[in-house]
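Data block below; observations after.
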Amino acid sequence: MAALQTAAALGFTRVGLQSARAAEPAAVESAPAVVVGSGYGAAVAALRLGQAGIRTLVLEMGRLWNTPGQDGKVFCSVLSPDQRSMWFHTRTEAPLASFLWLDVVNRDISPYPGVLDRVHFDHMSVYLGRGVGGGSLVNGGMAVTPVQSYFAEQFPTVDVSEMYGTYFPRARSMLGVNSVDPAWFESTQWYQFARTSRKAAANTGLKTTFVPNVYDFGYMQQEAAGTATRSALGGEVIYGNNHGKKSLDKTYLAAALGTGNVTIHTLEKVTGISRASDGSYVVTADRIDTTGAVVETKQYGCTYLFLGAGSVGTPELLVRARDTGTLPDLNAYVGAGWGTNGNTMLGRANHMWDTVGADQSTMPVMGIDDWANADNPVFAEIAPLPMGFEHWVSLYLAITKNPERASFTYDPSDGSVKLGWTAAQSAVSVGMAKKLFDRINAANATIYRYDLFGSGSKVFADDFTYHPLGGCVLGRATDDYGRVKGYSRLYVTDGSLVPGSIGVNPFVTITALAERTMARVLAEDTAP
Ligand code: FAE
């Protein structure tokens, strides 16, 4: 990755904001544009701003993942996690809590700005990527374009033909989306697990479909042939991939830095946003060290502010700004319309003769597509469970059409922002996943696994999501192009624009919407 340039090199200046309110500092670092976060929405904003010649500062709370640890690797693997795995945790919290009810997966770790976070709210926890590249560092790389009719249902004011003709193709091309070679898929032991799940689906009369990915399948075939260092075939995924995956630091963000107009500050967490009386924005950020201690509180001034902190980070910043009065004109839709994309995880136990293989690629390439079933729309990703031995488990991440939504609210007693999602709302996703997988079990004379999600007999993991969506929904909290209502030159470009559900894995949609926003904003809002 290109070396990070210093702010000074790019001419960021310390200027007096004479018109700033008295409570604000007399001097702040200033840039024409600031982008908060460096995930999908933020990375698109940074690249397109940089290409337009607008000096841009990206503020990312996580670290830059480019330095090898003592083992010579940048990232640790799922089965041998260390401090690099999770964001200031003392013990890892992998989605799969147990195997045969034993806590064999998680490890004690020392607190460190690790790459995966699990943020806990009362009845829902959210997995998030932390670092330059956001979720792209930790996700399964599944690069899925949503069903056109469902996209239109979710975004009634967006020109669908423009999205599918221009912005989805642009996003896929920039992200480096590719597909597994079907012949190799049929023959390799690394996808035995997917073929076994496909057979169970076919026995039920269900359709499966290949799913593209941003992991380089050419590289994966070299891993299988023993000519390249293993990453997807070496158990790496949720704590980062050392090879093969085209995460944003290798695509959009590398290109953004290449414009010479973009700077990224790492380990800087934005805590507040306010507006000076000249209409510019003042962004407050805590710079932390690797122990988590705040070593400096900084302030940045900017004309254009782009929020790409994700579907937890962005609503949190805006709800706090509205309810503490620093941006009082934000409307009531800010913080609302949040959902889990209907996520529910589950496992099935196969018969002895239906093996899943000791060798499993960590990159999913297939899903059970029952979204067209009007009674119970579900798209279930066939997920790997690479334990290094045969365990006969078929694992799935079901994406259900759960209509439930929740809101973030500010709690003045401790300054926190809380999420109002309830257990009953998760039960809706479980009901839909169960309806589909009861059919699959009945058709195959198989049963669920009861040992994978902690003590007791929990079959459905309904208390976490990989796909937080919403909180600043397009057309409600913002106009139809992500411009925040009530404030000029303030934009949302991340997953919080998506109204809680998109029916497939979301990052291609988030990227394409951000491309659409940036095309419009650069054409209309930044003209001299
Ligand atoms: P995101 O990528 O979350 O980026 C937000 C960035 O902002 C992060 O780098 C944060 O550290 C940073 N940030 C947050 N708050 C602040 C702050 N106050 N100050 C400074 N920085 C801040 O946002 N999706 C798929 O489409 N396919 C998959 O296969 C897939 N698998 C997944 C697997 C896992 C384990 C996880 C966690 C997610 C997965 N996802 C997948 C979801 C996908 O990664 C997610 O939808 C996107 O990353 C969201 O993009 P955003 O731009 O909204």
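Here, A, B, ... name the chains of the structure tokens in the order displayed, residue numbers run from 1 inside each chain, and ligands are numbered from 1 in the same displayed order.
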Among segment 259-489 of chain A, which ones does DSSP assign to helix (DSSP H, G or I) (computed from the backbone)? Answer as a PDB file with all heavy atoms, in the first residue's frame.
ATOM      1  N   GLY A 310     -20.011   3.913   9.071  1.00  0.00           N
ATOM      2  CA  GLY A 310     -20.780   2.666   9.120  1.00  0.00           C
ATOM      3  C   GLY A 310     -22.107   2.826   9.837  1.00  0.00           C
ATOM      4  O   GLY A 310     -22.434   3.887  10.388  1.00  0.00           O
ATOM      5  N   SER A 311     -22.897   1.737   9.843  1.00  0.00           N
ATOM      6  CA  SER A 311     -24.283   1.801  10.318  1.00  0.00           C
ATOM      7  C   SER A 311     -24.418   1.768  11.830  1.00  0.00           C
ATOM      8  O   SER A 311     -25.538   1.709  12.336  1.00  0.00           O
ATOM      9  CB  SER A 311     -25.092   0.650   9.728  1.00  0.00           C
ATOM     10  OG  SER A 311     -25.092   0.750   8.349  1.00  0.00           O
ATOM     11  N   VAL A 312     -23.288   1.763  12.526  1.00  0.00           N
ATOM     12  CA  VAL A 312     -23.312   2.051  13.962  1.00  0.00           C
ATOM     13  C   VAL A 312     -22.650   3.411  14.187  1.00  0.00           C
ATOM     14  O   VAL A 312     -23.217   4.285  14.844  1.00  0.00           O
ATOM     15  CB  VAL A 312     -22.597   0.950  14.778  1.00  0.00           C
ATOM     16  CG1 VAL A 312     -22.464   1.366  16.238  1.00  0.00           C
ATOM     17  CG2 VAL A 312     -23.378  -0.366  14.687  1.00  0.00           C
ATOM     18  N   GLY A 313     -21.476   3.597  13.582  1.00  0.00           N
ATOM     19  CA  GLY A 313     -20.692   4.806  13.829  1.00  0.00           C
ATOM     20  C   GLY A 313     -21.372   6.088  13.370  1.00  0.00           C
ATOM     21  O   GLY A 313     -21.385   7.094  14.098  1.00  0.00           O
ATOM     22  N   THR A 314     -21.938   6.080  12.170  1.00  0.00           N
ATOM     23  CA  THR A 314     -22.539   7.314  11.648  1.00  0.00           C
ATOM     24  C   THR A 314     -23.813   7.703  12.408  1.00  0.00           C
ATOM     25  O   THR A 314     -23.939   8.856  12.847  1.00  0.00           O
ATOM     26  CB  THR A 314     -22.772   7.188  10.124  1.00  0.00           C
ATOM     27  OG1 THR A 314     -21.487   7.171   9.493  1.00  0.00           O
ATOM     28  CG2 THR A 314     -23.598   8.333   9.572  1.00  0.00           C
ATOM     29  N   PRO A 315     -24.780   6.774  12.609  1.00  0.00           N
ATOM     30  CA  PRO A 315     -25.951   7.175  13.400  1.00  0.00           C
ATOM     31  C   PRO A 315     -25.566   7.640  14.802  1.00  0.00           C
ATOM     32  O   PRO A 315     -26.153   8.592  15.327  1.00  0.00           O
ATOM     33  CB  PRO A 315     -26.807   5.899  13.469  1.00  0.00           C
ATOM     34  CG  PRO A 315     -26.331   5.035  12.371  1.00  0.00           C
ATOM     35  CD  PRO A 315     -24.912   5.417  12.068  1.00  0.00           C
ATOM     36  N   GLU A 316     -24.556   6.979  15.379  1.00  0.00           N
ATOM     37  CA  GLU A 316     -24.125   7.358  16.724  1.00  0.00           C
ATOM     38  C   GLU A 316     -23.657   8.822  16.737  1.00  0.00           C
ATOM     39  O   GLU A 316     -24.077   9.617  17.579  1.00  0.00           O
ATOM     40  CB  GLU A 316     -22.986   6.427  17.160  1.00  0.00           C
ATOM     41  CG  GLU A 316     -22.603   6.516  18.607  1.00  0.00           C
ATOM     42  CD  GLU A 316     -21.553   5.462  18.943  1.00  0.00           C
ATOM     43  OE1 GLU A 316     -20.473   5.464  18.334  1.00  0.00           O
ATOM     44  OE2 GLU A 316     -21.814   4.642  19.825  1.00  0.00           O
ATOM     45  N   LEU A 317     -22.812   9.191  15.781  1.00  0.00           N
ATOM     46  CA  LEU A 317     -22.293  10.564  15.731  1.00  0.00           C
ATOM     47  C   LEU A 317     -23.426  11.566  15.504  1.00  0.00           C
ATOM     48  O   LEU A 317     -23.472  12.621  16.140  1.00  0.00           O
ATOM     49  CB  LEU A 317     -21.257  10.698  14.613  1.00  0.00           C
ATOM     50  CG  LEU A 317     -19.877  10.102  14.900  1.00  0.00           C
ATOM     51  CD1 LEU A 317     -19.029  10.083  13.628  1.00  0.00           C
ATOM     52  CD2 LEU A 317     -19.171  10.886  16.009  1.00  0.00           C
ATOM     53  N   LEU A 318     -24.351  11.229  14.598  1.00  0.00           N
ATOM     54  CA  LEU A 318     -25.397  12.201  14.262  1.00  0.00           C
ATOM     55  C   LEU A 318     -26.471  12.298  15.348  1.00  0.00           C
ATOM     56  O   LEU A 318     -26.977  13.393  15.630  1.00  0.00           O
ATOM     57  CB  LEU A 318     -26.022  11.862  12.907  1.00  0.00           C
ATOM     58  CG  LEU A 318     -25.123  12.138  11.700  1.00  0.00           C
ATOM     59  CD1 LEU A 318     -25.840  11.791  10.395  1.00  0.00           C
ATOM     60  CD2 LEU A 318     -24.652  13.597  11.658  1.00  0.00           C
ATOM     61  N   VAL A 319     -26.831  11.175  15.954  1.00  0.00           N
ATOM     62  CA  VAL A 319     -27.826  11.222  17.036  1.00  0.00           C
ATOM     63  C   VAL A 319     -27.272  12.055  18.196  1.00  0.00           C
ATOM     64  O   VAL A 319     -27.975  12.907  18.772  1.00  0.00           O
ATOM     65  CB  VAL A 319     -28.200   9.788  17.491  1.00  0.00           C
ATOM     66  CG1 VAL A 319     -28.925   9.801  18.829  1.00  0.00           C
ATOM     67  CG2 VAL A 319     -29.058   9.114  16.429  1.00  0.00           C
ATOM     68  N   ARG A 320     -25.992  11.838  18.491  1.00  0.00           N
ATOM     69  CA  ARG A 320     -25.385  12.608  19.587  1.00  0.00           C
ATOM     70  C   ARG A 320     -25.351  14.104  19.225  1.00  0.00           C
ATOM     71  O   ARG A 320     -25.664  14.958  20.053  1.00  0.00           O
ATOM     72  CB  ARG A 320     -23.981  12.086  19.889  1.00  0.00           C
ATOM     73  CG  ARG A 320     -23.344  12.808  21.072  1.00  0.00           C
ATOM     74  CD  ARG A 320     -21.978  12.260  21.439  1.00  0.00           C
ATOM     75  NE  ARG A 320     -22.044  10.928  21.991  1.00  0.00           N
ATOM     76  CZ  ARG A 320     -21.425   9.863  21.485  1.00  0.00           C
ATOM     77  NH1 ARG A 320     -20.681   9.986  20.399  1.00  0.00           N
ATOM     78  NH2 ARG A 320     -21.528   8.685  22.066  1.00  0.00           N
ATOM     79  N   ALA A 321     -25.003  14.397  17.979  1.00  0.00           N
ATOM     80  CA  ALA A 321     -24.922  15.802  17.564  1.00  0.00           C
ATOM     81  C   ALA A 321     -26.298  16.472  17.629  1.00  0.00           C
ATOM     82  O   ALA A 321     -26.430  17.620  18.073  1.00  0.00           O
ATOM     83  CB  ALA A 321     -24.355  15.887  16.151  1.00  0.00           C
ATOM     84  N   ARG A 322     -27.316  15.745  17.199  1.00  0.00           N
ATOM     85  CA  ARG A 322     -28.670  16.324  17.244  1.00  0.00           C
ATOM     86  C   ARG A 322     -29.118  16.552  18.691  1.00  0.00           C
ATOM     87  O   ARG A 322     -29.578  17.615  19.061  1.00  0.00           O
ATOM     88  CB  ARG A 322     -29.669  15.397  16.542  1.00  0.00           C
ATOM     89  CG  ARG A 322     -31.100  15.950  16.533  1.00  0.00           C
ATOM     90  CD  ARG A 322     -32.084  14.915  16.028  1.00  0.00           C
ATOM     91  NE  ARG A 322     -32.078  13.727  16.885  1.00  0.00           N
ATOM     92  CZ  ARG A 322     -32.465  12.509  16.475  1.00  0.00           C
ATOM     93  NH1 ARG A 322     -32.882  12.327  15.247  1.00  0.00           N
ATOM     94  NH2 ARG A 322     -32.422  11.496  17.310  1.00  0.00           N
ATOM     95  N   ASP A 323     -28.933  15.490  19.509  1.00  0.00           N
ATOM     96  CA  ASP A 323     -29.558  15.538  20.831  1.00  0.00           C
ATOM     97  C   ASP A 323     -28.744  16.311  21.863  1.00  0.00           C
ATOM     98  O   ASP A 323     -29.262  16.658  22.922  1.00  0.00           O
ATOM     99  CB  ASP A 323     -29.881  14.114  21.303  1.00  0.00           C
ATOM    100  CG  ASP A 323     -30.948  13.488  20.400  1.00  0.00           C
ATOM    101  OD1 ASP A 323     -31.441  14.195  19.495  1.00  0.00           O
ATOM    102  OD2 ASP A 323     -31.275  12.307  20.586  1.00  0.00           O
ATOM    103  N   ALA A 423     -35.319  -8.629  21.496  1.00  0.00           N
ATOM    104  CA  ALA A 423     -35.218 -10.065  21.201  1.00  0.00           C
ATOM    105  C   ALA A 423     -36.382 -10.507  20.312  1.00  0.00           C
ATOM    106  O   ALA A 423     -36.225 -11.379  19.442  1.00  0.00           O
ATOM    107  CB  ALA A 423     -35.191 -10.856  22.507  1.00  0.00           C
ATOM    108  N   ALA A 424     -37.551  -9.909  20.516  1.00  0.00           N
ATOM    109  CA  ALA A 424     -38.718 -10.279  19.698  1.00  0.00           C
ATOM    110  C   ALA A 424     -38.470  -9.940  18.225  1.00  0.00           C
ATOM    111  O   ALA A 424     -38.962 -10.639  17.323  1.00  0.00           O
ATOM    112  CB  ALA A 424     -39.956  -9.544  20.216  1.00  0.00           C
ATOM    113  N   GLN A 425     -37.713  -8.892  17.974  1.00  0.00           N
ATOM    114  CA  GLN A 425     -37.421  -8.538  16.577  1.00  0.00           C
ATOM    115  C   GLN A 425     -36.491  -9.560  15.932  1.00  0.00           C
ATOM    116  O   GLN A 425     -36.612  -9.863  14.754  1.00  0.00           O
ATOM    117  CB  GLN A 425     -36.820  -7.123  16.525  1.00  0.00           C
ATOM    118  CG  GLN A 425     -37.845  -6.055  16.919  1.00  0.00           C
ATOM    119  CD  GLN A 425     -37.274  -4.648  16.851  1.00  0.00           C
ATOM    120  OE1 GLN A 425     -36.330  -4.307  17.554  1.00  0.00           O
ATOM    121  NE2 GLN A 425     -37.849  -3.815  16.013  1.00  0.00           N
ATOM    122  N   SER A 426     -35.546 -10.106  16.732  1.00  0.00           N
ATOM    123  CA  SER A 426     -34.688 -11.175  16.207  1.00  0.00           C
ATOM    124  C   SER A 426     -35.489 -12.439  15.944  1.00  0.00           C
ATOM    125  O   SER A 426     -35.190 -13.203  15.017  1.00  0.00           O
ATOM    126  CB  SER A 426     -33.577 -11.516  17.215  1.00  0.00           C
ATOM    127  OG  SER A 426     -32.693 -10.453  17.343  1.00  0.00           O
ATOM    128  N   ALA A 427     -36.509 -12.673  16.776  1.00  0.00           N
ATOM    129  CA  ALA A 427     -37.309 -13.893  16.637  1.00  0.00           C
ATOM    130  C   ALA A 427     -37.991 -13.948  15.265  1.00  0.00           C
ATOM    131  O   ALA A 427     -38.280 -15.033  14.746  1.00  0.00           O
ATOM    132  CB  ALA A 427     -38.341 -13.959  17.761  1.00  0.00           C
ATOM    133  N   VAL A 428     -38.227 -12.798  14.672  1.00  0.00           N
ATOM    134  CA  VAL A 428     -38.842 -12.776  13.330  1.00  0.00           C
ATOM    135  C   VAL A 428     -37.875 -13.401  12.316  1.00  0.00           C
ATOM    136  O   VAL A 428     -38.279 -14.218  11.473  1.00  0.00           O
ATOM    137  CB  VAL A 428     -39.224 -11.328  12.938  1.00  0.00           C
ATOM    138  CG1 VAL A 428     -39.767 -11.283  11.520  1.00  0.00           C
ATOM    139  CG2 VAL A 428     -40.229 -10.747  13.933  1.00  0.00           C
ATOM    140  N   SER A 429     -36.585 -13.040  12.409  1.00  0.00           N
ATOM    141  CA  SER A 429     -35.595 -13.636  11.504  1.00  0.00           C
ATOM    142  C   SER A 429     -35.493 -15.141  11.745  1.00  0.00           C
ATOM    143  O   SER A 429     -35.422 -15.939  10.794  1.00  0.00           O
ATOM    144  CB  SER A 429     -34.198 -13.028  11.736  1.00  0.00           C
ATOM    145  OG  SER A 429     -34.205 -11.644  11.606  1.00  0.00           O
ATOM    146  N   VAL A 430     -35.471 -15.522  13.012  1.00  0.00           N
ATOM    147  CA  VAL A 430     -35.347 -16.944  13.346  1.00  0.00           C
ATOM    148  C   VAL A 430     -36.528 -17.724  12.768  1.00  0.00           C
ATOM    149  O   VAL A 430     -36.353 -18.803  12.181  1.00  0.00           O
ATOM    150  CB  VAL A 430     -35.259 -17.140  14.878  1.00  0.00           C
ATOM    151  CG1 VAL A 430     -35.401 -18.612  15.249  1.00  0.00           C
ATOM    152  CG2 VAL A 430     -33.945 -16.573  15.401  1.00  0.00           C
ATOM    153  N   GLY A 431     -37.724 -17.168  12.904  1.00  0.00           N
ATOM    154  CA  GLY A 431     -38.917 -17.854  12.391  1.00  0.00           C
ATOM    155  C   GLY A 431     -38.799 -18.118  10.896  1.00  0.00           C
ATOM    156  O   GLY A 431     -39.144 -19.206  10.403  1.00  0.00           O
ATOM    157  N   MET A 432     -38.258 -17.147  10.173  1.00  0.00           N
ATOM    158  CA  MET A 432     -38.143 -17.306   8.718  1.00  0.00           C
ATOM    159  C   MET A 432     -37.033 -18.307   8.364  1.00  0.00           C
ATOM    160  O   MET A 432     -37.215 -19.166   7.489  1.00  0.00           O
ATOM    161  CB  MET A 432     -37.880 -15.944   8.075  1.00  0.00           C
ATOM    162  CG  MET A 432     -39.016 -14.966   8.326  1.00  0.00           C
ATOM    163  SD  MET A 432     -38.730 -13.350   7.587  1.00  0.00           S
ATOM    164  CE  MET A 432     -39.311 -13.671   5.939  1.00  0.00           C
ATOM    165  N   ALA A 433     -35.908 -18.216   9.059  1.00  0.00           N
ATOM    166  CA  ALA A 433     -34.820 -19.168   8.798  1.00  0.00           C
ATOM    167  C   ALA A 433     -35.280 -20.587   9.141  1.00  0.00           C
ATOM    168  O   ALA A 433     -35.020 -21.544   8.401  1.00  0.00           O
ATOM    169  CB  ALA A 433     -33.587 -18.794   9.616  1.00  0.00           C
ATOM    170  N   LYS A 434     -35.989 -20.721  10.241  1.00  0.00           N
ATOM    171  CA  LYS A 434     -36.453 -22.045  10.678  1.00  0.00           C
ATOM    172  C   LYS A 434     -37.414 -22.658   9.659  1.00  0.00           C
ATOM    173  O   LYS A 434     -37.336 -23.855   9.352  1.00  0.00           O
ATOM    174  CB  LYS A 434     -37.133 -21.918  12.045  1.00  0.00           C
ATOM    175  CG  LYS A 434     -37.559 -23.244  12.666  1.00  0.00           C
ATOM    176  CD  LYS A 434     -38.064 -23.033  14.084  1.00  0.00           C
ATOM    177  CE  LYS A 434     -38.397 -24.345  14.783  1.00  0.00           C
ATOM    178  NZ  LYS A 434     -39.160 -25.286  14.032  1.00  0.00           N
ATOM    179  N   LYS A 435     -38.274 -21.837   9.113  1.00  0.00           N
ATOM    180  CA  LYS A 435     -39.239 -22.339   8.137  1.00  0.00           C
ATOM    181  C   LYS A 435     -38.508 -22.959   6.936  1.00  0.00           C
ATOM    182  O   LYS A 435     -38.867 -24.035   6.457  1.00  0.00           O
ATOM    183  CB  LYS A 435     -40.117 -21.170   7.663  1.00  0.00           C
ATOM    184  CG  LYS A 435     -41.527 -21.542   7.322  1.00  0.00           C
ATOM    185  CD  LYS A 435     -42.377 -20.283   7.229  1.00  0.00           C
ATOM    186  CE  LYS A 435     -43.651 -20.557   6.470  1.00  0.00           C
ATOM    187  NZ  LYS A 435     -44.467 -19.357   6.314  1.00  0.00           N
ATOM    188  N   LEU A 436     -37.441 -22.283   6.478  1.00  0.00           N
ATOM    189  CA  LEU A 436     -36.685 -22.811   5.338  1.00  0.00           C
ATOM    190  C   LEU A 436     -35.905 -24.066   5.744  1.00  0.00           C
ATOM    191  O   LEU A 436     -35.954 -25.095   5.056  1.00  0.00           O
ATOM    192  CB  LEU A 436     -35.711 -21.746   4.813  1.00  0.00           C
ATOM    193  CG  LEU A 436     -34.787 -22.231   3.696  1.00  0.00           C
ATOM    194  CD1 LEU A 436     -35.578 -22.536   2.425  1.00  0.00           C
ATOM    195  CD2 LEU A 436     -33.701 -21.192   3.380  1.00  0.00           C
ATOM    196  N   PHE A 437     -35.196 -23.999   6.870  1.00  0.00           N
ATOM    197  CA  PHE A 437     -34.310 -25.116   7.210  1.00  0.00           C
ATOM    198  C   PHE A 437     -35.060 -26.307   7.809  1.00  0.00           C
ATOM    199  O   PHE A 437     -34.559 -27.433   7.756  1.00  0.00           O
ATOM    200  CB  PHE A 437     -33.148 -24.623   8.081  1.00  0.00           C
ATOM    201  CG  PHE A 437     -32.127 -23.914   7.238  1.00  0.00           C
ATOM    202  CD1 PHE A 437     -32.166 -22.538   7.067  1.00  0.00           C
ATOM    203  CD2 PHE A 437     -31.181 -24.636   6.540  1.00  0.00           C
ATOM    204  CE1 PHE A 437     -31.263 -21.888   6.236  1.00  0.00           C
ATOM    205  CE2 PHE A 437     -30.276 -24.011   5.705  1.00  0.00           C
ATOM    206  CZ  PHE A 437     -30.304 -22.628   5.549  1.00  0.00           C
ATOM    207  N   ASP A 438     -36.245 -26.107   8.324  1.00  0.00           N
ATOM    208  CA  ASP A 438     -37.096 -27.252   8.681  1.00  0.00           C
ATOM    209  C   ASP A 438     -37.410 -28.066   7.424  1.00  0.00           C
ATOM    210  O   ASP A 438     -37.416 -29.302   7.451  1.00  0.00           O
ATOM    211  CB  ASP A 438     -38.409 -26.782   9.326  1.00  0.00           C
ATOM    212  CG  ASP A 438     -38.257 -26.402  10.798  1.00  0.00           C
ATOM    213  OD1 ASP A 438     -37.142 -26.566  11.339  1.00  0.00           O
ATOM    214  OD2 ASP A 438     -39.255 -25.936  11.400  1.00  0.00           O
ATOM    215  N   ARG A 439     -37.650 -27.355   6.328  1.00  0.00           N
ATOM    216  CA  ARG A 439     -37.921 -28.045   5.049  1.00  0.00           C
ATOM    217  C   ARG A 439     -36.692 -28.849   4.616  1.00  0.00           C
ATOM    218  O   ARG A 439     -36.799 -29.993   4.168  1.00  0.00           O
ATOM    219  CB  ARG A 439     -38.242 -27.026   3.951  1.00  0.00           C
ATOM    220  CG  ARG A 439     -39.666 -26.508   3.967  1.00  0.00           C
ATOM    221  CD  ARG A 439     -39.821 -25.350   2.984  1.00  0.00           C
ATOM    222  NE  ARG A 439     -39.606 -25.748   1.596  1.00  0.00           N
ATOM    223  CZ  ARG A 439     -39.317 -24.887   0.603  1.00  0.00           C
ATOM    224  NH1 ARG A 439     -39.193 -23.590   0.875  1.00  0.00           N
ATOM    225  NH2 ARG A 439     -39.150 -25.313  -0.628  1.00  0.00           N
ATOM    226  N   ILE A 440     -35.516 -28.215   4.728  1.00  0.00           N
ATOM    227  CA  ILE A 440     -34.290 -28.893   4.289  1.00  0.00           C
ATOM    228  C   ILE A 440     -34.025 -30.110   5.165  1.00  0.00           C
ATOM    229  O   ILE A 440     -33.686 -31.199   4.665  1.00  0.00           O
ATOM    230  CB  ILE A 440     -33.106 -27.892   4.304  1.00  0.00           C
ATOM    231  CG1 ILE A 440     -33.360 -26.788   3.267  1.00  0.00           C
ATOM    232  CG2 ILE A 440     -31.778 -28.608   4.051  1.00  0.00           C
ATOM    233  CD1 ILE A 440     -32.309 -25.698   3.207  1.00  0.00           C
ATOM    234  N   ASN A 441     -34.207 -29.959   6.479  1.00  0.00           N
ATOM    235  CA  ASN A 441     -34.003 -31.104   7.366  1.00  0.00           C
ATOM    236  C   ASN A 441     -35.008 -32.221   7.071  1.00  0.00           C
ATOM    237  O   ASN A 441     -34.658 -33.407   7.052  1.00  0.00           O
ATOM    238  CB  ASN A 441     -34.101 -30.667   8.834  1.00  0.00           C
ATOM    239  CG  ASN A 441     -32.794 -30.063   9.330  1.00  0.00           C
ATOM    240  OD1 ASN A 441     -31.716 -30.390   8.814  1.00  0.00           O
ATOM    241  ND2 ASN A 441     -32.882 -29.196  10.323  1.00  0.00           N
ATOM    242  N   ALA A 442     -36.256 -31.838   6.822  1.00  0.00           N
ATOM    243  CA  ALA A 442     -37.280 -32.860   6.555  1.00  0.00           C
ATOM    244  C   ALA A 442     -36.954 -33.624   5.277  1.00  0.00           C
ATOM    245  O   ALA A 442     -37.034 -34.861   5.225  1.00  0.00           O
ATOM    246  CB  ALA A 442     -38.653 -32.197   6.450  1.00  0.00           C
ATOM    247  N   ALA A 443     -36.534 -32.897   4.245  1.00  0.00           N
ATOM    248  CA  ALA A 443     -36.254 -33.547   2.957  1.00  0.00           C
ATOM    249  C   ALA A 443     -35.030 -34.445   3.022  1.00  0.00           C
ATOM    250  O   ALA A 443     -34.900 -35.395   2.238  1.00  0.00           O
ATOM    251  CB  ALA A 443     -36.067 -32.478   1.875  1.00  0.00           C
ATOM    252  N   ASN A 444     -34.116 -34.163   3.949  1.00  0.00           N
ATOM    253  CA  ASN A 444     -32.856 -34.921   4.016  1.00  0.00           C
ATOM    254  C   ASN A 444     -32.771 -35.833   5.237  1.00  0.00           C
ATOM    255  O   ASN A 444     -31.744 -36.482   5.449  1.00  0.00           O
ATOM    256  CB  ASN A 444     -31.671 -33.944   4.037  1.00  0.00           C
ATOM    257  CG  ASN A 444     -31.490 -33.235   2.699  1.00  0.00           C
ATOM    258  OD1 ASN A 444     -30.892 -33.783   1.780  1.00  0.00           O
ATOM    259  ND2 ASN A 444     -32.036 -32.034   2.579  1.00  0.00           N
TER     260      ASN A 444
END
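Residues in contact range of Gly475 of chain A, defined as at most 8 Å between only C-alpha atoms, with sequence neighbours fewer than 6 positions away removed, read Thr157, Tyr481 and Gly482 of chain A.
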Keeping only C-alpha atoms, write the selected residues as a PDB file, in the first residue's frame.
ATOM      1  CA  THR A 157     -36.766   7.132  -5.354  1.00  0.00           C
ATOM      2  CA  TYR A 481     -28.268  11.514  -2.744  1.00  0.00           C
ATOM      3  CA  GLY A 482     -27.061  11.206   0.855  1.00  0.00           C
TER       4      GLY A 482
END
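The list of residues with at least one atom within 10 Å of Ala336 of chain A, based on only C-alpha atoms and without residues fewer than 2 positions apart in the same chain, reads A:Pro315, A:Val319, A:Ala332, A:Tyr333, A:Val334, A:Trp338, A:Gly339, A:Arg405, A:Ala406, A:Ser407, A:Phe408, A:Thr409, A:Leu419, A:Gly420, A:Gly470, A:Gly471, A:Cys472, A:Val473, A:Arg476, A:Ala477, A:Ser496, A:Pro499, A:Gly500.
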Selection export as a CSV table (one decimal), in the first residue's frame, atoms kept: C-alpha atoms:
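So out.csv came out as:
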chain,number,residue,atom,x,y,z
A,315,PRO,CA,-26.0,7.2,13.4
A,319,VAL,CA,-27.8,11.2,17.0
A,332,ALA,CA,-36.2,12.7,13.5
A,333,TYR,CA,-35.2,10.1,10.9
A,334,VAL,CA,-31.6,10.4,12.0
A,338,TRP,CA,-31.9,0.4,11.5
A,339,GLY,CA,-32.0,-3.4,10.8
A,405,ARG,CA,-36.5,-1.9,12.4
A,406,ALA,CA,-35.0,-0.1,15.4
A,407,SER,CA,-33.7,3.3,16.4
A,408,PHE,CA,-30.7,4.7,18.1
A,409,THR,CA,-31.3,7.0,21.0
A,419,LEU,CA,-29.9,0.7,20.1
A,420,GLY,CA,-33.6,-0.2,20.7
A,470,GLY,CA,-29.7,1.8,8.2
A,471,GLY,CA,-29.9,4.5,10.9
A,472,CYS,CA,-29.7,7.4,8.3
A,473,VAL,CA,-31.9,6.1,5.6
A,476,ARG,CA,-35.5,10.3,5.0
A,477,ALA,CA,-32.6,11.4,7.1
A,496,SER,CA,-26.6,3.6,7.2
A,499,PRO,CA,-33.1,0.8,5.1
A,500,GLY,CA,-32.3,-2.2,7.3
Contacts of ligand 1, 6 Å or closer, only C-alpha atoms and all ligand atoms, given as a count of residues only: 45
Using only C-alpha atoms, which residues of segment 280-343 of chain A come within 7 Å of segment 398-404 of chain A, and what is the closest atom pair for each, with the distance in Å to one decimal? Give it as JSON lines, sorted by chain and residue number.
{"residue": "A:Gly339", "atom": "CA", "partner": "A:Glu404", "partner_atom": "CA", "distance": 6.7}
{"residue": "A:Asn341", "atom": "CA", "partner": "A:Ile399", "partner_atom": "CA", "distance": 6.2}
{"residue": "A:Gly342", "atom": "CA", "partner": "A:Thr400", "partner_atom": "CA", "distance": 4.4}
{"residue": "A:Asn343", "atom": "CA", "partner": "A:Ile399", "partner_atom": "CA", "distance": 4.8}
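Here atom CA of Ser455 of chain A stands at a distance of 16.6 Å from atom CA of Thr92 of chain A.
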Report the closest atom pair, with its distance in Å rounded to one decimal, for each residue of segment 48-107 of chain A that has an atom no farther than 12 Å from segment 290-297 of chain A; count only C-alpha atoms, sort by chain and then rising residue number, and write it as JSON lines.
{"residue": "A:Met61", "atom": "CA", "partner": "A:Gly292", "partner_atom": "CA", "distance": 10.5}
{"residue": "A:Gly62", "atom": "CA", "partner": "A:Thr290", "partner_atom": "CA", "distance": 9.7}
{"residue": "A:Arg63", "atom": "CA", "partner": "A:Thr290", "partner_atom": "CA", "distance": 8.9}
{"residue": "A:Leu64", "atom": "CA", "partner": "A:Thr290", "partner_atom": "CA", "distance": 11.9}
{"residue": "A:Gln83", "atom": "CA", "partner": "A:Thr290", "partner_atom": "CA", "distance": 10.7}
{"residue": "A:Arg84", "atom": "CA", "partner": "A:Thr290", "partner_atom": "CA", "distance": 10.8}
{"residue": "A:Trp87", "atom": "CA", "partner": "A:Gly292", "partner_atom": "CA", "distance": 9.6}
{"residue": "A:Phe88", "atom": "CA", "partner": "A:Gly292", "partner_atom": "CA", "distance": 7.5}
{"residue": "A:His89", "atom": "CA", "partner": "A:Gly292", "partner_atom": "CA", "distance": 11.0}
